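Peer 1: Structure file data_16.pdb (PDB, C-alpha atoms) right here:
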```pdb
ATOM      1  CA  MET A   1     334.048-155.760 158.382  1.00  0.00           C
ATOM      2  CA  SER A   2     331.883-153.797 160.823  1.00  0.00           C
ATOM      3  CA  ARG A   3     328.207-153.118 160.227  1.00  0.00           C
ATOM      4  CA  LEU A   4     326.077-150.287 161.559  1.00  0.00           C
ATOM      5  CA  LEU A   5     322.316-150.665 161.485  1.00  0.00           C
ATOM      6  CA  LEU A   6     320.012-147.830 162.521  1.00  0.00           C
ATOM      7  CA  VAL A   7     316.576-148.870 163.761  1.00  0.00           C
ATOM      8  CA  ARG A   8     313.788-146.495 164.654  1.00  0.00           C
ATOM      9  CA  HIS A   9     311.687-147.135 167.752  1.00  0.00           C
ATOM     10  CA  GLY A  10     308.525-149.186 167.455  1.00  0.00           C
ATOM     11  CA  GLN A  11     305.155-147.603 166.788  1.00  0.00           C
ATOM     12  CA  ALA A  12     304.276-145.100 169.526  1.00  0.00           C
ATOM     13  CA  HIS A  13     300.996-143.550 170.654  1.00  0.00           C
ATOM     14  CA  ALA A  14     300.639-140.565 168.316  1.00  0.00           C
ATOM     15  CA  PHE A  15     298.733-137.522 169.511  1.00  0.00           C
ATOM     16  CA  ASP A  16     298.151-138.931 173.014  1.00  0.00           C
ATOM     17  CA  LYS A  17     298.890-136.913 176.129  1.00  0.00           C
ATOM     18  CA  ASP A  18     301.753-139.337 176.832  1.00  0.00           C
ATOM     19  CA  ALA A  19     302.974-140.084 173.292  1.00  0.00           C
ATOM     20  CA  ASP A  20     306.393-141.330 174.448  1.00  0.00           C
ATOM     21  CA  ARG A  21     305.443-144.982 174.883  1.00  0.00           C
ATOM     22  CA  LEU A  22     304.962-147.918 172.556  1.00  0.00           C
ATOM     23  CA  THR A  23     301.652-149.275 171.345  1.00  0.00           C
ATOM     24  CA  PRO A  24     301.076-153.042 171.491  1.00  0.00           C
ATOM     25  CA  MET A  25     301.989-153.080 167.772  1.00  0.00           C
ATOM     26  CA  GLY A  26     305.218-151.207 168.564  1.00  0.00           C
ATOM     27  CA  GLN A  27     306.081-153.823 171.182  1.00  0.00           C
ATOM     28  CA  THR A  28     305.507-156.589 168.649  1.00  0.00           C
ATOM     29  CA  GLN A  29     307.668-154.744 166.108  1.00  0.00           C
ATOM     30  CA  ALA A  30     310.516-154.400 168.614  1.00  0.00           C
ATOM     31  CA  ARG A  31     310.431-158.108 169.478  1.00  0.00           C
ATOM     32  CA  ALA A  32     310.493-159.012 165.768  1.00  0.00           C
ATOM     33  CA  VAL A  33     313.512-156.761 165.160  1.00  0.00           C
ATOM     34  CA  GLY A  34     315.214-158.343 168.172  1.00  0.00           C
ATOM     35  CA  ALA A  35     314.664-161.828 166.777  1.00  0.00           C
ATOM     36  CA  TRP A  36     316.108-160.803 163.429  1.00  0.00           C
ATOM     37  CA  LEU A  37     319.107-159.004 164.964  1.00  0.00           C
ATOM     38  CA  GLY A  38     319.908-162.047 167.075  1.00  0.00           C
ATOM     39  CA  SER A  39     319.874-164.331 164.061  1.00  0.00           C
ATOM     40  CA  ALA A  40     321.934-161.837 162.022  1.00  0.00           C
ATOM     41  CA  GLY A  41     324.713-161.774 164.628  1.00  0.00           C
ATOM     42  CA  PHE A  42     324.519-158.169 165.827  1.00  0.00           C
ATOM     43  CA  ALA A  43     326.285-157.961 169.161  1.00  0.00           C
ATOM     44  CA  GLU A  44     325.877-154.409 170.430  1.00  0.00           C
ATOM     45  CA  LEU A  45     322.885-152.145 170.958  1.00  0.00           C
ATOM     46  CA  ARG A  46     322.699-148.441 171.762  1.00  0.00           C
ATOM     47  CA  CYS A  47     319.635-146.267 172.193  1.00  0.00           C
ATOM     48  CA  GLY A  48     318.502-142.734 172.945  1.00  0.00           C
ATOM     49  CA  THR A  49     317.028-141.392 176.153  1.00  0.00           C
ATOM     50  CA  LEU A  50     313.335-141.212 175.203  1.00  0.00           C
ATOM     51  CA  THR A  51     311.022-143.720 176.869  1.00  0.00           C
ATOM     52  CA  ARG A  52     309.890-145.195 173.531  1.00  0.00           C
ATOM     53  CA  GLN A  53     313.528-145.643 172.466  1.00  0.00           C
ATOM     54  CA  GLN A  54     314.503-147.355 175.707  1.00  0.00           C
ATOM     55  CA  GLU A  55     311.389-149.541 175.694  1.00  0.00           C
ATOM     56  CA  THR A  56     312.185-150.616 172.128  1.00  0.00           C
ATOM     57  CA  ALA A  57     315.774-151.443 173.082  1.00  0.00           C
ATOM     58  CA  ALA A  58     314.634-153.439 176.116  1.00  0.00           C
ATOM     59  CA  LEU A  59     312.303-155.510 173.924  1.00  0.00           C
ATOM     60  CA  ILE A  60     314.979-156.011 171.268  1.00  0.00           C
ATOM     61  CA  ARG A  61     317.522-157.265 173.792  1.00  0.00           C
ATOM     62  CA  PRO A  62     315.865-158.285 177.073  1.00  0.00           C
ATOM     63  CA  GLY A  63     318.241-158.093 180.004  1.00  0.00           C
ATOM     64  CA  GLN A  64     320.918-156.082 178.191  1.00  0.00           C
ATOM     65  CA  THR A  65     321.903-152.709 179.562  1.00  0.00           C
ATOM     66  CA  VAL A  66     321.931-150.081 176.812  1.00  0.00           C
TER      67      VAL A  66
END
```
Just give me the structure as structure tokens.
Peer 2:
Amino acid sequence: MSRLLLVRHGQAHAFDKDADRLTPMGQTQARAVGAWLGSAGFAELRCGTLTRQQETAALIRPGQTV
């Protein structure tokens, strides 16, 4: 059986001039999700085109092209 899991990007800088980037907390959140996904056996990752989405994906799966 296939599983689809939707994950929102990590916490971003709200109301900043450049709000499309992760906060340190958002980076920590992304790494934690990555650790859980790895242990849960998820094999594939896709993400949107926004910087915060791509940064989250890169922290979830370091070295994987998304």
Peer 1: Can you work out which one of A:Arg8, A:Arg3, A:Arg21, A:Phe15 has the shortest atom-to-atom distance to Arg52 of chain A, counting all atoms listed in the file?
Peer 2: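 Of all the options, A:Arg21 lies closest to Arg52 of chain A.
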Peer 1: Which of these residues is nearest to Leu37 of chain A, using all atoms listed in the file: A:Gln53, A:Leu6, A:Lys17, A:Ala12?
Peer 2: A:Leu6
Peer 1: Please provide as a PDB file with C-alpha atoms, keeping the file's coordinate frame all residues within 12 Å of Leu4 of chain A, with the sequence filter that same-chain residues fewer than 6 positions apart are discarded (counting only C-alpha atoms).
Peer 2:
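Writing the result to result.pdb gives the following:
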```pdb
ATOM      1  CA  LEU A  37     319.107-159.004 164.964  1.00  0.00           C
ATOM      2  CA  GLY A  41     324.713-161.774 164.628  1.00  0.00           C
ATOM      3  CA  PHE A  42     324.519-158.169 165.827  1.00  0.00           C
ATOM      4  CA  ALA A  43     326.285-157.961 169.161  1.00  0.00           C
ATOM      5  CA  GLU A  44     325.877-154.409 170.430  1.00  0.00           C
ATOM      6  CA  LEU A  45     322.885-152.145 170.958  1.00  0.00           C
ATOM      7  CA  ARG A  46     322.699-148.441 171.762  1.00  0.00           C
TER       8      ARG A  46
END
```
Peer 1: Which is closest to Val7 of chain A among A:Ser39, A:Gln29, A:Leu50, A:Leu22, if we use all atoms listed in the file?
Peer 2: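 Distance minimum relative to Val7 of chain A lands on A:Gln29.
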Peer 1: Check what the PyMOL selection byres ((chain A and resi 56) around 9) selects in the file above and give those residues as a ChimeraX atom specification.
Peer 2: /A:8-10,22,26-27,29-31,47,51-55,57-61
Peer 1: Suppose you want the space between atom CA of Gln64 of chain A and atom CA of Val33 of chain A; what is it in Å?
Peer 2: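 Answer for the atom CA of Gln64 of chain A to atom CA of Val33 of chain A separation: 15.0 Å.
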Peer 1: Between atom CA of Asp16 of chain A and atom CA of Ala32 of chain A, what is the distance, to one decimal in Å?
Peer 2: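 So the answer is 24.7 Å.
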Peer 1: Using atom CA of Gln11 of chain A and atom CA of Ala40 of chain A as the two end points, give the distance in Å to one decimal.
Peer 2: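 Computing it gives 22.5 Å between the two atoms.
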